[in-house]
>>> print(open('work-v1.txt').read())   # compact mmCIF, C-alpha atoms
# COMPACT_ATOMS: atom_id res chain seq x y z
CA MET E 1 64.09 48.47 56.06
CA TYR E 2 66.34 45.71 54.75
CA ASN E 3 69.83 46.22 53.34
CA ASN E 4 70.91 49.26 55.35
CA ASN E 5 73.62 49.84 57.93
CA PHE E 6 71.38 49.67 60.98
CA SER E 7 73.35 48.50 64.02
CA GLY E 8 72.70 47.79 67.67
CA HIS E 9 69.45 46.24 68.88
CA ILE E 10 65.97 46.30 67.43
CA PRO E 11 64.58 49.59 68.81
CA ASP E 12 62.03 49.20 71.60
CA THR E 13 59.84 51.86 69.97
CA LEU E 14 58.76 49.25 67.42
CA ARG E 15 56.84 47.49 70.17
CA ASN E 16 54.22 50.22 69.81
CA CYS E 17 53.43 49.02 66.28
CA HIS E 18 50.66 46.70 67.40
CA PHE E 19 49.07 46.55 63.95
CA LEU E 20 52.22 45.82 61.96
CA THR E 21 51.89 42.80 59.69
CA PHE E 22 55.13 42.91 57.67
CA LEU E 23 58.57 43.56 59.21
CA ASP E 24 61.78 43.21 57.16
CA LEU E 25 65.03 44.15 58.89
CA GLY E 26 67.18 41.75 56.90
CA SER E 27 70.72 42.45 55.68
CA ASN E 28 71.70 44.91 58.41
CA GLN E 29 74.18 44.84 61.30
CA LEU E 30 71.82 44.23 64.18
CA THR E 31 73.25 42.35 67.16
CA GLY E 32 72.27 40.88 70.51
CA SER E 33 69.01 39.06 71.02
CA ILE E 34 65.77 39.00 69.11
CA GLN E 35 63.47 40.90 71.43
CA SER E 36 60.86 38.72 73.08
CA TRP E 37 58.23 41.46 72.85
CA ILE E 38 57.91 40.82 69.11
CA GLY E 39 55.77 37.82 69.99
CA THR E 40 53.71 39.63 72.63
CA GLU E 41 53.25 43.12 71.18
CA MET E 42 53.01 42.49 67.41
CA MET E 43 50.20 40.00 67.69
CA ILE E 44 49.03 40.18 64.06
CA LEU E 45 52.49 39.98 62.48
CA GLU E 46 52.37 37.77 59.40
CA THR E 47 55.88 38.19 57.97
CA LEU E 48 59.06 38.48 60.07
CA ILE E 49 62.39 38.77 58.24
CA LEU E 50 65.55 39.24 60.33
CA SER E 51 68.01 37.39 58.11
CA ARG E 52 71.65 38.36 57.49
CA ASN E 53 72.29 40.11 60.79
CA SER E 54 74.39 39.17 63.84
CA PHE E 55 71.82 38.03 66.38
CA ASP E 56 73.70 35.66 68.65
CA GLU E 57 71.33 34.39 71.32
CA SER E 58 68.49 31.89 71.31
CA ILE E 59 65.22 32.23 69.42
CA PRO E 60 62.63 33.62 71.87
CA THR E 61 59.82 31.20 72.59
CA THR E 62 57.38 34.12 72.61
CA LEU E 63 57.42 33.97 68.80
CA CYS E 64 55.17 30.94 69.22
CA GLN E 65 52.39 33.34 70.20
CA LEU E 66 52.26 34.88 66.71
CA LYS E 67 49.05 33.24 65.57
CA SER E 68 49.09 34.93 62.15
CA LEU E 69 52.73 34.29 61.27
CA ARG E 70 53.13 32.81 57.79
CA LEU E 71 56.70 33.65 56.88
CA LEU E 72 59.62 33.46 59.34
CA ASP E 73 63.17 34.11 58.11
CA LEU E 74 65.96 34.21 60.73
CA SER E 75 68.66 32.80 58.47
CA GLU E 76 72.33 33.77 58.36
CA ASN E 77 72.71 34.91 61.95
CA GLN E 78 74.55 33.38 64.90
CA LEU E 79 71.52 32.09 66.75
CA LYS E 80 72.11 29.23 69.18
CA GLY E 81 70.09 26.92 71.37
CA GLU E 82 67.26 24.72 70.22
CA ILE E 83 64.43 25.37 67.79
CA PRO E 84 61.32 26.46 69.74
CA ARG E 85 58.54 23.90 69.73
CA CYS E 86 56.07 26.17 67.98
CA VAL E 87 52.85 25.33 66.23
CA PHE E 88 52.01 28.45 64.25
CA PRO E 89 48.26 28.27 63.57
CA ALA E 90 48.59 30.11 60.25
CA MET E 91 50.94 27.37 59.04
CA ALA E 92 48.91 24.51 60.47
CA THR E 93 45.56 25.42 58.89
CA ASP E 94 44.42 26.34 55.41
CA GLU E 95 42.24 29.22 56.50
CA SER E 96 42.43 32.18 54.15
CA VAL E 97 43.46 35.55 55.47
CA ASN E 98 40.64 37.85 56.41
CA GLU E 99 39.58 40.76 54.22
CA LYS E 100 41.49 43.37 56.23
CA SER E 101 44.70 41.36 56.14
CA TYR E 102 44.25 40.73 52.41
CA MET E 103 43.97 44.45 51.71
CA ILE E 104 47.10 45.13 53.74
CA PHE E 105 48.94 42.37 51.89
CA HIS E 106 47.82 43.84 48.60
CA THR E 107 49.65 47.06 49.45
CA ILE E 108 52.94 45.36 50.39
CA LYS E 109 53.16 42.72 47.67
CA GLU E 110 56.05 44.62 46.07
CA SER E 111 58.10 44.27 49.28
CA LEU E 112 57.45 40.56 49.47
CA SER E 113 58.25 40.18 45.78
CA ILE E 114 61.62 41.87 46.35
CA TYR E 115 62.28 39.55 49.26
CA LEU E 116 61.46 36.41 47.27
CA ASN E 117 63.51 37.56 44.30
CA ARG E 118 66.59 38.17 46.42
CA LYS E 119 66.06 35.00 48.46
CA TYR E 120 65.46 32.76 45.48
CA PRO E 121 67.08 34.50 42.51
CA PHE E 122 66.93 31.35 40.37
CA ARG E 123 63.79 29.83 38.96
CA VAL E 124 64.59 26.36 40.28
CA ARG E 125 63.42 26.95 43.82
CA LEU E 126 59.82 27.57 44.68
CA LYS E 127 57.51 26.38 41.98
CA ARG E 128 54.73 28.81 41.02
CA TYR E 129 56.13 31.52 43.28
CA ASP E 130 58.60 32.99 40.79
CA VAL E 131 56.29 32.79 37.78
CA SER E 132 53.51 34.74 39.52
CA ILE E 133 55.63 36.65 41.96
CA GLN E 134 53.59 39.84 41.71
CA SER E 135 50.22 38.29 42.43
CA SER E 136 48.54 38.81 45.76
CA PHE E 137 47.53 35.14 45.67
CA VAL E 138 51.16 34.16 46.13
CA ILE E 139 51.45 36.37 49.20
CA GLU E 140 48.40 34.77 50.72
CA TYR E 141 49.53 31.29 49.75
CA LEU E 142 53.16 31.28 50.86
CA ARG E 143 54.04 29.72 54.23
CA MET E 144 57.73 29.46 54.92
CA ILE E 145 60.32 28.93 57.72
CA ASP E 146 64.02 29.61 57.14
CA LEU E 147 66.41 29.15 60.09
CA SER E 148 69.44 28.22 58.00
CA SER E 149 73.07 29.18 58.61
CA ASN E 150 72.96 29.57 62.38
CA SER E 151 74.33 27.53 65.30
CA LEU E 152 71.12 25.84 66.39
CA THR E 153 71.52 22.58 68.29
CA GLN E 154 69.42 19.69 69.62
CA GLY E 155 67.03 17.92 67.26
CA ILE E 156 64.24 18.80 64.87
CA PRO E 157 61.14 19.28 67.05
CA VAL E 158 58.24 17.01 66.15
CA GLU E 159 55.94 20.03 66.40
CA ILE E 160 57.17 21.09 62.96
CA THR E 161 55.32 18.14 61.46
CA LYS E 162 52.05 19.74 62.59
CA LEU E 163 52.58 22.67 60.20
CA VAL E 164 50.83 20.73 57.48
CA HIS E 165 50.38 23.75 55.20
CA LEU E 166 54.04 24.75 55.26
CA HIS E 167 55.56 25.15 51.78
CA SER E 168 59.25 25.72 52.47
CA LEU E 169 61.40 24.53 55.39
CA ASN E 170 65.11 25.35 55.49
CA LEU E 171 67.12 24.26 58.55
CA SER E 172 70.44 23.83 56.76
CA GLY E 173 73.83 24.89 58.06
CA ASN E 174 73.20 24.31 61.77
CA GLN E 175 74.32 21.74 64.32
CA LEU E 176 71.12 19.73 64.55
CA VAL E 177 71.45 16.14 65.75
CA GLY E 178 69.21 13.11 66.04
CA SER E 179 66.91 11.65 63.43
CA ILE E 180 64.45 13.19 61.01
CA PRO E 181 60.98 13.04 62.68
CA SER E 182 59.30 9.80 61.69
CA ASN E 183 56.02 11.54 60.81
CA ILE E 184 57.54 14.25 58.63
CA GLY E 185 55.47 12.80 55.80
CA GLU E 186 52.49 14.69 57.20
CA LEU E 187 53.92 17.81 55.51
CA GLU E 188 52.22 16.89 52.25
CA ASN E 189 52.21 20.50 51.01
CA LEU E 190 55.94 20.99 51.52
CA GLU E 191 57.73 21.93 48.30
CA VAL E 192 61.20 22.78 49.61
CA LEU E 193 63.00 20.78 52.31
CA ASP E 194 66.63 21.62 53.06
CA LEU E 195 68.25 19.85 56.04
CA SER E 196 71.78 19.86 54.64
CA ARG E 197 75.00 20.54 56.56
CA ASN E 198 73.84 19.32 59.96
CA GLN E 199 74.63 16.24 62.04
CA LEU E 200 71.40 14.34 61.49
CA SER E 201 71.63 10.56 61.74
CA CYS E 202 69.63 7.37 61.19
CA GLY E 203 67.65 6.51 58.09
CA LEU E 204 65.06 8.31 56.01
CA PRO E 205 61.51 7.93 57.39
CA THR E 206 59.35 5.94 55.00
CA THR E 207 56.55 8.49 55.51
CA MET E 208 58.49 10.89 53.29
CA VAL E 209 56.93 9.19 50.27
CA ASN E 210 53.72 11.02 51.22
CA MET E 211 55.35 14.39 50.47
CA VAL E 212 53.97 14.44 46.95
CA SER E 213 54.49 18.19 46.48
CA LEU E 214 58.22 18.08 47.18
CA GLU E 215 60.23 19.83 44.46
CA VAL E 216 63.53 20.56 46.19
CA LEU E 217 65.20 18.10 48.59
CA ASP E 218 68.65 18.57 50.10
CA LEU E 219 69.85 16.17 52.82
CA SER E 220 73.54 16.43 51.93
CA TYR E 221 76.42 16.43 54.42
CA ASN E 222 74.84 14.76 57.42
CA THR E 223 75.44 11.32 58.93
CA LEU E 224 72.30 9.69 57.59
CA SER E 225 72.39 5.94 57.04
CA GLY E 226 70.48 3.06 55.54
CA LYS E 227 68.57 2.68 52.30
CA LEU E 228 67.14 5.50 50.22
CA LEU E 229 63.43 5.73 49.59
CA PRO E 230 62.04 4.08 46.42
CA TRP E 231 63.17 5.97 43.33
CA GLU E 232 59.74 6.76 41.98
CA GLU E 233 57.27 9.60 41.63
CA GLN E 234 58.67 12.81 43.16
CA PHE E 235 61.81 11.10 44.46
CA ALA E 236 62.77 10.16 40.91
CA THR E 237 63.65 13.83 40.38
CA PHE E 238 66.26 13.95 43.16
CA GLY E 239 69.78 13.05 42.12
CA ASN E 240 73.01 12.29 43.91
CA GLU E 241 73.44 15.94 44.95
CA SER E 242 70.49 15.61 47.33
CA TYR E 243 72.30 12.96 49.39
CA VAL E 244 76.03 13.58 48.89
CA GLY E 245 78.14 13.62 52.06
CA ASN E 246 76.26 10.76 53.76
CA PRO E 247 78.65 7.79 53.35
CA LEU E 248 76.31 5.37 55.15
CA LEU E 249 73.44 5.89 52.71
CA CYS E 250 72.97 3.35 49.93
CA GLY E 251 70.71 2.69 47.01
CA TYR E 252 69.95 4.30 43.68
CA PRO E 253 70.87 6.94 42.53
CA LEU E 254 73.94 6.69 44.80
CA ALA E 255 76.94 4.69 43.69
CA GLN E 256 76.88 2.76 46.98
CA LYS E 257 74.62 -0.26 46.56
CA CYS E 258 72.73 -1.94 49.39
CA GLN E 259 73.30 -5.61 50.13
CA GLU E 260 70.30 -7.67 49.10
CA ASN E 261 70.40 -9.91 52.16
CA ARG E 262 69.94 -6.94 54.48
CA ASN E 263 67.36 -4.21 54.38
CA SER E 264 69.86 -1.53 55.33
CA SER E 265 73.35 -2.89 54.96
CA LEU E 266 75.02 0.36 55.88
CA GLU E 267 72.58 1.52 58.53
CA ASP E 268 74.08 2.93 61.72
CA THR E 269 73.82 0.25 64.40
CA HIS E 270 72.82 2.88 66.98
CA CYS E 271 69.70 3.83 65.02
CA ARG E 272 66.33 2.18 65.07
CA HIS E 273 63.30 3.50 63.27
CA LYS E 274 60.04 3.04 65.14
CA GLU E 275 57.52 4.85 63.01
CA GLU E 276 54.49 3.63 64.91
CA ASN E 277 54.61 6.74 67.13
CA GLY E 278 56.20 10.17 67.19
CA ASN E 279 58.02 9.75 70.50
CA ASP E 280 60.40 6.99 69.56
CA SER E 281 63.39 8.45 71.35
CA ASN E 282 61.42 8.89 74.58
CA HIS E 283 60.25 5.28 74.47
CA GLU E 284 63.77 4.10 73.73
CA ASP E 285 65.16 6.12 76.64
CA THR E 286 62.51 4.62 78.90
CA ARG E 287 63.44 1.14 77.84
CA LYS E 288 67.09 1.92 78.47
CA GLY E 289 66.25 3.18 81.94
CA LEU E 290 64.30 0.02 82.79
CA SER E 291 66.77 -2.46 81.33
CA ILE E 292 69.02 -4.53 83.65
CA ASN E 293 72.66 -5.11 82.94
CA PRO E 294 73.21 -8.80 82.02
CA PHE E 295 76.26 -8.85 84.34
CA TYR E 296 74.06 -8.40 87.42
CA ILE E 297 71.62 -11.05 86.23
CA THR E 298 74.48 -13.53 85.79
CA MET E 299 75.96 -12.65 89.18
CA ILE E 300 72.67 -13.21 91.01
CA ALA E 301 72.03 -16.49 89.19
CA GLY E 302 75.54 -17.70 89.99
CA PHE E 303 75.19 -16.87 93.66
CA PHE E 304 71.94 -18.81 94.08
CA THR E 305 73.24 -21.77 92.06
CA GLY E 306 76.47 -22.03 94.05
CA PHE E 307 74.84 -21.49 97.44
CA TRP E 308 71.99 -23.96 97.11
CA GLY E 309 74.20 -26.42 95.27
CA SER E 310 76.60 -26.50 98.21
CA ILE E 311 73.73 -26.87 100.70
CA LEU E 312 72.32 -29.86 98.82
CA LEU E 313 75.62 -31.61 98.12
CA PHE E 314 77.42 -31.31 101.48
CA ALA E 315 75.65 -32.69 104.58
CA SER E 316 77.87 -30.80 107.02
CA TRP E 317 77.05 -27.49 105.27
CA ARG E 318 73.37 -28.38 105.27
CA HIS E 319 73.36 -29.15 109.04
CA ALA E 320 75.29 -25.97 109.81
CA TYR E 321 72.90 -23.92 107.74
CA PHE E 322 69.80 -25.27 109.50
CA ARG E 323 71.45 -24.84 112.94
CA PHE E 324 72.08 -21.23 111.96
CA LEU E 325 68.42 -20.78 111.03
CA ASN E 326 67.26 -22.35 114.33
CA ASN E 327 69.58 -20.14 116.37
CA MET E 328 68.37 -17.05 114.48
CA GLU E 329 64.78 -18.06 115.15
CA ASP E 330 65.47 -18.49 118.91
CA ARG E 331 67.28 -15.14 119.10
CA ILE E 332 64.47 -13.33 117.32
CA TYR E 333 61.88 -14.98 119.61
CA VAL E 334 63.76 -14.07 122.81
CA THR E 335 64.35 -10.50 121.61
CA VAL E 336 60.68 -9.99 120.83
CA ILE E 337 59.51 -11.42 124.19
CA VAL E 338 62.00 -9.36 126.21
CA THR E 339 61.13 -6.16 124.34
CA TYR E 340 57.41 -6.83 124.80
CA ASN E 341 57.81 -7.35 128.58
CA LYS E 342 59.85 -4.16 128.93
CA LEU E 343 57.25 -2.12 127.10
CA GLN E 344 54.48 -3.66 129.18
CA ARG E 345 56.22 -2.81 132.47
CA LYS E 346 56.94 0.72 131.28
CA PHE E 347 53.34 1.17 130.29
CA ARG E 348 52.14 -0.02 133.73
CA THR E 349 54.45 2.39 135.61
CA GLN E 350 53.07 5.34 133.65
CA LEU E 351 49.44 4.57 134.51
CA PRO E 352 47.95 6.93 137.14
CA PRO E 353 47.12 5.31 140.53
CA GLN E 354 43.54 4.13 141.03
>>> encode(input="work-v1.txt", output="structure tokens")
Amino acid sequence: MYNNNFSGHIPDTLRNCHFLTFLDLGSNQLTGSIQSWIGTEMMILETLILSRNSFDESIPTTLCQLKSLRLLDLSENQLKGEIPRCVFPAMATDESVNEKSYMIFHTIKESLSIYLNRKYPFRVRLKRYDVSIQSSFVIEYLRMIDLSSNSLTQGIPVEITKLVHLHSLNLSGNQLVGSIPSNIGELENLEVLDLSRNQLSCGLPTTMVNMVSLEVLDLSYNTLSGKLLPWEEQFATFGNESYVGNPLLCGYPLAQKCQENRNSSLEDTHCRHKEENGNDSNHEDTRKGLSINPFYITMIAGFFTGFWGSILLFASWRHAYFRFLNNMEDRIYVTVIVTYNKLQRKFRTQLPPQ
């Protein structure tokens, strides 16, 4: 049903289509929110295409319940909020579709072929997909997420790195901040990665060298910093256009060279890569919360130094200080004894007569 003049919301009657596996409502004039019941009623949905509409709310987290979802395209809308922390099982495992699903896919391969041809009209995008676009194998093989050209904020969720059988990830044209997940290299089957036109910062994770299947890389127009990955193997095919618009990046093939006496001469001073775990920012925030301002440490040290220094150097101060301690001791002793006697008398008056 793509490329019509449908307007308004997605009709609620579609929630009765419990056995629908392919839904394409792209290139229409639909508005409002993406209905949450898509994730609860269409439980075997494998392809969801809602691109080029005017949806303007957040992505419903119920989409995370679509265990069979292999292709998700919500691009070119006005979606806002953060990317749901989904782990779609069909993108995280290499299990083949069952026989029933394969037969259904076989009947809709023309629809998916039309979608791929209009999404990637040039033969430079998805390798193998365009040359065998009519084969049912391609339909079974393709796993793709496209959330580009929206207004999504926050960072890239680390859960995306668990989709190890994902082939195409496009998050370009949003307002994403923070760093690229340090373990993104686990996406070894990824062939297209487009994170351009965001506000991503810090350096490139060294684990990216493990993405041996990568054919298309676009990190342009962010605020990335530091040194590029070694220009070898698959990264030798990525030119300046993959990194343009990041003035703090250095290294070949960029014109900006890195200083030899520093590993990342242009790296943002606010960024630190800690690739030993996937929760670097959380650990850093914890450390920030536990750290003590040096001003308070200096103030406390100065107080003790000045106080005890005066006590030791001046005899009159020392005698006055010890007289003060003796008086305090006497006062505390008298107060305790008087209070104890009062309580004892009060306790005796409250006892019943013998």
>>> residues_near_point(input="work-v1.txt", point="(63.7, 43.5, 54.3)", cutoff="7 Å", atoms="only C-alpha atoms", output="list in words")
Met1, Tyr2, Asn3, Asp24, Leu25, Gly26, Ile49 and Tyr115 of chain E
>>> closest_residue(input="work-v1.txt", among="E:Leu45, E:Val336, E:Ile38, E:Val164", to="Leu20 of chain E", atoms="all atoms listed in the file")
E:Leu45
>>> atom_distance(input="work-v1.txt", atom1="atom CA of Leu63 of chain E", atom2="atom CA of Pro84 of chain E")
8.5 Å
>>> residues_around(input="work-v1.txt", residues="Ala236 of chain E", least_positions_apart="4", cutoff="10 Å", atoms="only C-alpha atoms", output="tab-separated table (two decimals) with C-alpha atoms, in the coordinates of the input")
chain	number	residue	atom	x	y	z
E	229	LEU	CA	63.43	5.73	49.59
E	230	PRO	CA	62.04	4.08	46.42
E	231	TRP	CA	63.17	5.97	43.33
E	232	GLU	CA	59.74	6.76	41.98
E	252	TYR	CA	69.95	4.30	43.68
E	253	PRO	CA	70.87	6.94	42.53
>>> atom_distance(input="work-v1.txt", atom1="atom CA of Val192 of chain E", atom2="atom CA of Gln35 of chain E")
28.5 Å
>>> closest_residue(input="work-v1.txt", among="E:Thr161, E:Thr237, E:Ser201, E:Ser75", to="Val216 of chain E", atoms="only C-alpha atoms")
E:Thr237
>>> closest_residue(input="work-v1.txt", among="E:Thr153, E:Thr207, E:Asn246, E:Thr31", to="Asn222 of chain E", atoms="only C-alpha atoms")
E:Asn246
>>> atom_distance(input="work-v1.txt", atom1="atom CA of Leu74 of chain E", atom2="atom CA of Gly173 of chain E")
12.5 Å
>>> closest_residue(input="work-v1.txt", among="E:Gln199, E:Thr40, E:Thr47, E:Gln78", to="Asn16 of chain E", atoms="all atoms listed in the file")
E:Thr40
>>> closest_residue(input="work-v1.txt", among="E:Phe303, E:Ile44, E:Arg323, E:Ser54", to="Gly8 of chain E", atoms="all atoms listed in the file")
E:Ser54
>>> residues_around(input="work-v1.txt", residues="Trp37 of chain E", least_positions_apart="6", cutoff="10 Å", atoms="only C-alpha atoms", output="VMD selection string")
chain E and resid 12 14 to 15 43 60 62 to 63
>>> closest_residue(input="work-v1.txt", among="E:Arg197, E:Arg331, E:Arg85, E:His18", to="Asn150 of chain E", atoms="all atoms listed in the file")
E:Arg197
>>> decode(input="work-v1.txt", residues="segment 176-191 of chain E", atoms="N, CA, C and O atoms", output="mmCIF file, in the first residue's frame")
data_model
loop_
_atom_site.group_PDB
_atom_site.id
_atom_site.type_symbol
_atom_site.label_atom_id
_atom_site.label_comp_id
_atom_site.auth_asym_id
_atom_site.auth_seq_id
_atom_site.Cartn_x
_atom_site.Cartn_y
_atom_site.Cartn_z
ATOM 1 N N LEU E 176 21.422 12.296 17.294
ATOM 2 C CA LEU E 176 22.045 11.368 18.229
ATOM 3 C C LEU E 176 23.341 11.958 18.784
ATOM 4 O O LEU E 176 24.111 12.585 18.049
ATOM 5 N N VAL E 177 23.574 11.742 20.057
ATOM 6 C CA VAL E 177 24.760 12.268 20.730
ATOM 7 C C VAL E 177 25.524 11.114 21.373
ATOM 8 O O VAL E 177 25.098 9.965 21.351
ATOM 9 N N GLY E 178 26.662 11.470 21.974
ATOM 10 C CA GLY E 178 27.462 10.452 22.640
ATOM 11 C C GLY E 178 28.418 9.780 21.678
ATOM 12 O O GLY E 178 28.637 10.239 20.550
ATOM 13 N N SER E 179 28.983 8.676 22.121
ATOM 14 C CA SER E 179 29.984 7.977 21.328
ATOM 15 C C SER E 179 29.385 6.767 20.625
ATOM 16 O O SER E 179 28.312 6.280 20.976
ATOM 17 N N ILE E 180 30.095 6.291 19.623
ATOM 18 C CA ILE E 180 29.728 5.036 18.969
ATOM 19 C C ILE E 180 30.004 3.904 19.960
ATOM 20 O O ILE E 180 31.058 3.882 20.590
ATOM 21 N N PRO E 181 29.062 2.965 20.161
ATOM 22 C CA PRO E 181 29.291 1.888 21.141
ATOM 23 C C PRO E 181 30.626 1.204 20.918
ATOM 24 O O PRO E 181 30.994 0.876 19.790
ATOM 25 N N SER E 182 31.352 0.995 22.004
ATOM 26 C CA SER E 182 32.708 0.460 21.907
ATOM 27 C C SER E 182 32.751 -0.948 21.337
ATOM 28 O O SER E 182 33.748 -1.352 20.740
ATOM 29 N N ASN E 183 31.664 -1.720 21.497
ATOM 30 C CA ASN E 183 31.650 -3.092 20.988
ATOM 31 C C ASN E 183 30.866 -3.215 19.696
ATOM 32 O O ASN E 183 30.356 -4.289 19.388
ATOM 33 N N ILE E 184 30.790 -2.155 18.909
ATOM 34 C CA ILE E 184 30.071 -2.218 17.642
ATOM 35 C C ILE E 184 30.730 -3.197 16.673
ATOM 36 O O ILE E 184 30.104 -3.668 15.725
ATOM 37 N N GLY E 185 31.979 -3.533 16.935
ATOM 38 C CA GLY E 185 32.676 -4.496 16.086
ATOM 39 C C GLY E 185 32.075 -5.884 16.110
ATOM 40 O O GLY E 185 32.418 -6.729 15.281
ATOM 41 N N GLU E 186 31.157 -6.147 17.055
ATOM 42 C CA GLU E 186 30.486 -7.445 17.083
ATOM 43 C C GLU E 186 29.535 -7.624 15.909
ATOM 44 O O GLU E 186 29.117 -8.751 15.621
ATOM 45 N N LEU E 187 29.204 -6.545 15.210
ATOM 46 C CA LEU E 187 28.336 -6.630 14.030
ATOM 47 C C LEU E 187 29.177 -7.021 12.822
ATOM 48 O O LEU E 187 29.332 -6.265 11.857
ATOM 49 N N GLU E 188 29.704 -8.219 12.837
ATOM 50 C CA GLU E 188 30.627 -8.672 11.807
ATOM 51 C C GLU E 188 29.941 -8.907 10.472
ATOM 52 O O GLU E 188 30.610 -8.977 9.439
ATOM 53 N N ASN E 189 28.619 -9.041 10.459
ATOM 54 C CA ASN E 189 27.904 -9.263 9.206
ATOM 55 C C ASN E 189 27.364 -7.968 8.604
ATOM 56 O O ASN E 189 26.727 -7.996 7.545
ATOM 57 N N LEU E 190 27.612 -6.847 9.262
ATOM 58 C CA LEU E 190 27.088 -5.580 8.787
ATOM 59 C C LEU E 190 27.794 -5.164 7.496
ATOM 60 O O LEU E 190 29.020 -5.180 7.413
ATOM 61 N N GLU E 191 26.995 -4.800 6.492
ATOM 62 C CA GLU E 191 27.546 -4.391 5.209
ATOM 63 C C GLU E 191 27.344 -2.908 4.931
ATOM 64 O O GLU E 191 28.084 -2.315 4.156
#
